[in-house]
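Engineer: Below is the file target-v5.cif, which contains mmCIF, C-alpha atoms.
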data_coords
#
loop_
_atom_site.group_PDB
_atom_site.id
_atom_site.type_symbol
_atom_site.label_atom_id
_atom_site.label_comp_id
_atom_site.auth_asym_id
_atom_site.auth_seq_id
_atom_site.Cartn_x
_atom_site.Cartn_y
_atom_site.Cartn_z
ATOM 1 C CA MET A 238 8.431 24.353 -1.177
ATOM 2 C CA PRO A 239 8.868 20.790 0.176
ATOM 3 C CA ARG A 240 5.863 18.476 0.281
ATOM 4 C CA ARG A 241 5.264 16.868 3.678
ATOM 5 C CA VAL A 242 3.287 13.662 4.074
ATOM 6 C CA SER A 243 2.488 11.507 7.056
ATOM 7 C CA VAL A 244 2.983 7.747 6.598
ATOM 8 C CA ARG A 245 1.529 5.312 9.161
ATOM 9 C CA ILE A 246 2.703 1.682 9.057
ATOM 10 C CA GLY A 247 1.695 -0.704 11.814
ATOM 11 C CA GLY A 248 0.553 2.168 14.031
ATOM 12 C CA LYS A 249 3.868 4.039 13.809
ATOM 13 C CA GLU A 250 3.802 7.429 12.114
ATOM 14 C CA ARG A 251 6.657 8.916 10.061
ATOM 15 C CA VAL A 252 6.886 12.336 8.432
ATOM 16 C CA VAL A 253 8.302 12.259 4.908
ATOM 17 C CA GLU A 254 9.515 15.472 3.248
ATOM 18 C CA ILE A 255 9.966 15.530 -0.509
ATOM 19 C CA ASP A 256 11.809 18.485 -2.040
ATOM 20 C CA GLY A 257 12.593 17.825 -5.698
ATOM 21 C CA GLU A 258 15.133 14.987 -5.719
ATOM 22 C CA ARG A 259 15.747 15.144 -1.941
ATOM 23 C CA VAL A 260 13.783 12.967 0.480
ATOM 24 C CA ALA A 261 13.958 12.953 4.285
ATOM 25 C CA VAL A 262 12.178 10.647 6.741
ATOM 26 C CA ASP A 263 11.721 12.162 10.209
ATOM 27 C CA GLY A 264 14.392 14.696 9.247
ATOM 28 C CA THR A 265 16.969 12.097 8.143
ATOM 29 C CA PRO A 266 17.987 12.290 4.453
ATOM 30 C CA VAL A 267 17.236 9.124 2.448
ATOM 31 C CA SER A 268 18.662 8.198 -0.940
ATOM 32 C CA VAL A 269 15.694 7.146 -3.077
ATOM 33 C CA ARG A 270 15.131 6.898 -6.814
ATOM 34 C CA ASP A 271 11.697 6.662 -8.451
ATOM 35 C CA VAL A 272 12.151 4.256 -11.371
ATOM 36 C CA GLY A 273 8.497 4.515 -12.439
ATOM 37 C CA GLY A 274 5.517 2.215 -12.247
ATOM 38 C CA GLY A 275 5.314 2.585 -8.465
ATOM 39 C CA ILE A 276 8.829 1.156 -7.997
ATOM 40 C CA PHE A 277 11.330 2.930 -5.759
ATOM 41 C CA VAL A 278 14.962 2.037 -5.023
ATOM 42 C CA PHE A 279 16.449 3.051 -1.656
ATOM 43 C CA ARG A 280 20.210 3.056 -1.067
ATOM 44 C CA ASP A 281 22.139 2.998 2.184
ATOM 45 C CA GLY A 282 25.824 2.790 1.286
ATOM 46 C CA ASP A 283 26.168 -0.363 -0.833
ATOM 47 C CA ALA A 284 22.871 -1.864 0.399
ATOM 48 C CA GLN A 285 19.829 -1.501 -1.838
ATOM 49 C CA THR A 286 16.149 -1.986 -0.993
ATOM 50 C CA THR A 287 13.403 -2.062 -3.617
ATOM 51 C CA ALA A 288 9.803 -1.112 -2.830
ATOM 52 C CA TRP A 289 6.718 -1.628 -5.005
ATOM 53 C CA VAL A 290 3.984 0.824 -4.014
ATOM 54 C CA ASP A 291 0.371 0.343 -5.064
ATOM 55 C CA GLY A 292 -2.904 1.824 -3.909
ATOM 56 C CA GLU A 293 -5.436 4.595 -4.159
ATOM 57 C CA GLY A 294 -5.860 7.713 -2.090
ATOM 58 C CA GLY A 295 -4.317 7.400 1.333
ATOM 59 C CA LYS A 296 -4.202 3.598 1.498
ATOM 60 C CA VAL A 297 -1.342 1.799 -0.212
ATOM 61 C CA SER A 298 0.303 -1.578 -0.069
ATOM 62 C CA VAL A 299 4.081 -1.659 -0.167
ATOM 63 C CA GLU A 300 6.153 -4.731 -0.997
ATOM 64 C CA VAL A 301 9.714 -4.338 0.274
ATOM 65 C CA ARG A 302 12.578 -6.544 -0.879
ATOM 66 C CA ARG A 303 16.089 -6.521 0.503
ATOM 67 C CA PRO A 304 18.889 -8.636 -0.965
ATOM 68 C CA GLY A 305 18.881 -12.065 0.668
ATOM 69 C CA GLY A 306 15.672 -11.375 2.573
ATOM 70 C CA ASP A 307 12.103 -12.512 2.179
ATOM 71 C CA PRO A 308 9.681 -9.999 0.639
ATOM 72 C CA LEU A 309 7.608 -8.068 3.139
ATOM 73 C CA VAL A 310 4.167 -6.688 2.195
ATOM 74 C CA VAL A 311 2.748 -3.988 4.449
ATOM 75 C CA GLN A 312 -0.295 -1.732 4.349
ATOM 76 C CA ALA A 313 0.408 1.969 4.831
ATOM 77 C CA GLU A 314 -1.730 5.071 5.282
ATOM 78 C CA VAL A 315 -0.401 8.177 3.565
ATOM 79 C CA ALA A 316 -1.787 11.644 4.212
ATOM 80 C CA ASP A 317 -0.778 15.242 3.801
ATOM 81 C CA ALA A 318 0.878 16.006 7.142
ATOM 82 C CA ARG A 319 -1.517 18.919 7.862
ATOM 83 C CA ASN A 320 -4.596 16.779 7.134
ATOM 84 C CA ALA A 321 -3.223 13.915 9.248
ATOM 85 C CA GLN A 322 -2.731 16.305 12.150
ATOM 86 C CA ALA A 323 -6.280 17.660 11.756
ATOM 87 C CA ALA A 324 -7.681 14.106 11.654
ATOM 88 C CA ALA A 325 -5.801 13.231 14.848
ATOM 89 C CA LEU A 326 -7.549 16.179 16.505
ATOM 90 C CA GLY A 327 -10.931 14.829 15.389
ATOM 91 C CA ARG A 328 -11.578 17.229 12.507
ATOM 92 C CA ARG A 329 -12.551 16.116 9.008
ATOM 93 C CA ALA A 330 -9.519 16.005 6.702
ATOM 94 C CA GLY A 331 -9.271 15.346 2.980
ATOM 95 C CA PRO A 332 -11.728 13.388 0.841
ATOM 96 C CA ALA A 333 -14.535 11.354 2.354
ATOM 97 C CA SER A 334 -13.327 8.124 3.905
ATOM 98 C CA GLY A 335 -16.293 6.344 2.263
ATOM 99 C CA ALA A 336 -14.703 6.562 -1.196
ATOM 100 C CA PRO A 337 -14.152 3.134 -2.786
ATOM 101 C CA VAL A 338 -10.721 1.570 -2.369
ATOM 102 C CA THR A 339 -9.193 -1.164 -4.495
ATOM 103 C CA VAL A 340 -7.083 -4.106 -3.362
ATOM 104 C CA ARG A 341 -4.498 -4.628 -6.110
ATOM 105 C CA SER A 342 -1.916 -7.295 -6.750
ATOM 106 C CA PRO A 343 1.499 -5.935 -5.741
ATOM 107 C CA MET A 344 3.220 -8.313 -8.186
ATOM 108 C CA PRO A 345 2.494 -10.739 -11.023
ATOM 109 C CA GLY A 346 1.244 -14.084 -9.777
ATOM 110 C CA ARG A 347 -1.781 -16.357 -9.442
ATOM 111 C CA VAL A 348 -4.867 -16.026 -7.242
ATOM 112 C CA VAL A 349 -4.837 -19.112 -5.019
ATOM 113 C CA LYS A 350 -7.669 -18.170 -2.683
ATOM 114 C CA LEU A 351 -10.475 -15.651 -2.819
ATOM 115 C CA LEU A 352 -11.596 -14.924 0.747
ATOM 116 C CA VAL A 353 -14.437 -12.420 0.128
ATOM 117 C CA ARG A 354 -17.577 -12.171 -2.036
ATOM 118 C CA ALA A 355 -19.457 -9.206 -3.527
ATOM 119 C CA GLY A 356 -21.896 -7.763 -1.004
ATOM 120 C CA GLU A 357 -19.954 -9.085 2.006
ATOM 121 C CA ALA A 358 -19.012 -6.707 4.837
ATOM 122 C CA VAL A 359 -15.276 -6.617 5.605
ATOM 123 C CA ALA A 360 -13.250 -5.203 8.482
ATOM 124 C CA ALA A 361 -10.085 -3.156 8.086
ATOM 125 C CA GLY A 362 -7.163 -5.553 7.778
ATOM 126 C CA GLN A 363 -9.354 -8.568 6.992
ATOM 127 C CA PRO A 364 -7.728 -10.963 4.478
ATOM 128 C CA ALA A 365 -9.395 -10.595 1.056
ATOM 129 C CA VAL A 366 -7.246 -12.454 -1.498
ATOM 130 C CA VAL A 367 -4.210 -14.750 -1.435
ATOM 131 C CA VAL A 368 -1.853 -14.315 -4.398
ATOM 132 C CA GLU A 369 1.028 -16.713 -5.033
ATOM 133 C CA ALA A 370 4.129 -15.129 -6.527
ATOM 134 C CA MET A 371 7.647 -16.513 -6.681
ATOM 135 C CA LYS A 372 6.538 -19.636 -4.740
ATOM 136 C CA MET A 373 5.288 -17.506 -1.835
ATOM 137 C CA GLU A 374 1.707 -16.861 -0.807
ATOM 138 C CA ASN A 375 0.890 -13.207 -0.126
ATOM 139 C CA GLU A 376 -2.251 -12.420 1.851
ATOM 140 C CA LEU A 377 -3.747 -9.134 0.642
ATOM 141 C CA ARG A 378 -5.964 -7.404 3.202
ATOM 142 C CA ALA A 379 -8.801 -4.899 3.089
ATOM 143 C CA PRO A 380 -7.277 -1.452 3.636
ATOM 144 C CA ARG A 381 -10.409 -0.281 5.478
ATOM 145 C CA ALA A 382 -13.789 -1.494 6.651
ATOM 146 C CA GLY A 383 -16.643 -1.488 4.154
ATOM 147 C CA THR A 384 -18.641 -3.674 1.820
ATOM 148 C CA VAL A 385 -17.131 -5.632 -1.072
ATOM 149 C CA HIS A 386 -18.549 -3.808 -4.078
ATOM 150 C CA GLU A 387 -16.914 -5.922 -6.771
ATOM 151 C CA VAL A 388 -14.580 -8.911 -7.122
ATOM 152 C CA ARG A 389 -12.461 -8.634 -10.272
ATOM 153 C CA CYS A 390 -10.568 -11.930 -10.116
ATOM 154 C CA ALA A 391 -11.174 -15.648 -9.679
ATOM 155 C CA GLU A 392 -9.254 -18.435 -7.978
ATOM 156 C CA GLY A 393 -6.657 -20.009 -10.242
ATOM 157 C CA THR A 394 -6.326 -17.016 -12.573
ATOM 158 C CA ALA A 395 -3.076 -15.242 -13.378
ATOM 159 C CA VAL A 396 -2.798 -11.587 -12.343
ATOM 160 C CA GLU A 397 -0.411 -8.803 -13.271
ATOM 161 C CA ALA A 398 1.264 -6.318 -10.943
ATOM 162 C CA GLY A 399 -1.182 -3.533 -10.169
ATOM 163 C CA GLN A 400 -4.225 -5.469 -11.365
ATOM 164 C CA ASP A 401 -7.470 -4.660 -9.528
ATOM 165 C CA LEU A 402 -8.657 -7.637 -7.475
ATOM 166 C CA VAL A 403 -11.358 -6.404 -5.073
ATOM 167 C CA VAL A 404 -13.191 -3.071 -4.791
ATOM 168 C CA ILE A 405 -14.439 -2.069 -1.327
ATOM 169 C CA ALA A 406 -17.003 0.706 -0.943
#
Rewrite the coordinates I just gave you, this time as structure tokens.
Structural biologist:
Amino acid sequence: MPRRVSVRIGGKERVVEIDGERVAVDGTPVSVRDVGGGIFVFRDGDAQTTAWVDGEGGKVSVEVRRPGGDPLVVQAEVADARNAQAAALGRRAGPASGAPVTVRSPMPGRVVKLLVRAGEAVAAGQPAVVVEAMKMENELRAPRAGTVHEVRCAEGTAVEAGQDLVVIA
């Protein structure tokens, strides 16, 4: 039986169906290969797009790279399509939204600016950390509102892809 998930990026919702090796987005088949470690390769004819996915629960950050283009980092909400529909109708769906979430580095780099402190209240989408990678600064944002529970990095330190930077409770 295919697995259906709802993915919301920038307020736009897409339904993704995964059935073994086949993937469809809003009913349109997509050629995608999971190469492990949260890295996916999408093909459209000869064009190839690589995506690095990182996150916990329903909140993930996705770094997308297309040949000749600048990297794009977006925050996405992923939910089981049935739970997403229930939530839209105002019913409780899935695990408690108060569960801690972690902002992670989507790539190896260096922390150039730490914008939050432990104990500080943050809003959803508020910048938390700036990581420099490949001569570009990437602003990583809080995936939801909450309180900074723990900061696991410092300005000037090197970080690896997937490394925990800030925990929000």
Engineer: Report as a PyMOL selection string all protein, DNA and RNA residues lying within 6 Å of region 373-380 of chain A, evaluated on all atoms listed in the file, omitting residues in the same chain fewer than 5 positions from it.
Structural biologist: chain A and resi 361-368
Engineer: With the PyMOL selection byres ((chain A and resi 385) around 9) as the selection, what would be picked from this file? Answer as a list of chain:residue names, please.
Structural biologist: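 Checked against the file, the PyMOL selection byres ((chain A and resi 385) around 9) matches A:Val353, A:Arg354, A:Ala355, A:Gly356, A:Glu357, A:Ala358, A:Val359, A:Gly383, A:Thr384, A:His386, A:Glu387, A:Val388, A:Val403, A:Val404, A:Ile405, A:Ala406.
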Engineer: Which protein, DNA or RNA residues are at most 7 Å from (3.0, -12.0, -9.2) in the file's coordinates when you count all atoms listed in the file, listed as a PyMOL selection string?
Structural biologist: chain A and resi 344-347+369-371+396-398
Engineer: Using only C-alpha atoms, which residue out of A:Arg381, A:Lys249, A:Arg389, A:Arg270 lies closest to Ser342 (chain A)?
Structural biologist: A:Arg389
Engineer: Have a look at A:Val340, A:Gly257, A:Val262, A:Leu351 and name the one nearest to Val242 (chain A); count only C-alpha atoms.
Structural biologist: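 So, comparing all the options, the nearest one is A:Val262.
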Engineer: So how many Å separate CA of Gly275 (chain A) and CA of Gly399 (chain A), to one decimal?
Structural biologist: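 Going from CA of Gly275 (chain A) over to CA of Gly399 (chain A) covers 9.1 Å.
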Engineer: Just to confirm, what's the straight-line distance from CA of Val299 (chain A) to CA of Thr286 (chain A) in Å (one decimal)?
Structural biologist: 12.1 Å
Engineer: Counting only C-alpha atoms, which of A:Ile276, A:Val244, A:Lys350, A:Arg341 gets nearest to Asp263 (chain A)?
Structural biologist: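 Nearest to Asp263 (chain A): A:Val244.
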Engineer: Out of A:Ala336, A:Ile255, A:Ala382, A:Ala395, which residue has the shortest atom-to-atom distance to Arg240 (chain A) when counting all atoms listed in the file?
Structural biologist: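 Going through A:Ala336, A:Ile255, A:Ala382, A:Ala395 one by one, the smallest distance to Arg240 (chain A) is for A:Ile255.
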Engineer: To one decimal in Å, tell me the separation between CA of Pro343 (chain A) and CA of Ala391 (chain A).
Structural biologist: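 Separating CA of Pro343 (chain A) from CA of Ala391 (chain A) is a distance of 16.4 Å.
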Engineer: Taking all atoms listed in the file into account, name the residue in A:Val267, A:Val338, A:Ala284, A:Val278 that is nearest to Asp401 (chain A).
Structural biologist: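 That would be A:Val338, the residue with the smallest distance to Asp401 (chain A).
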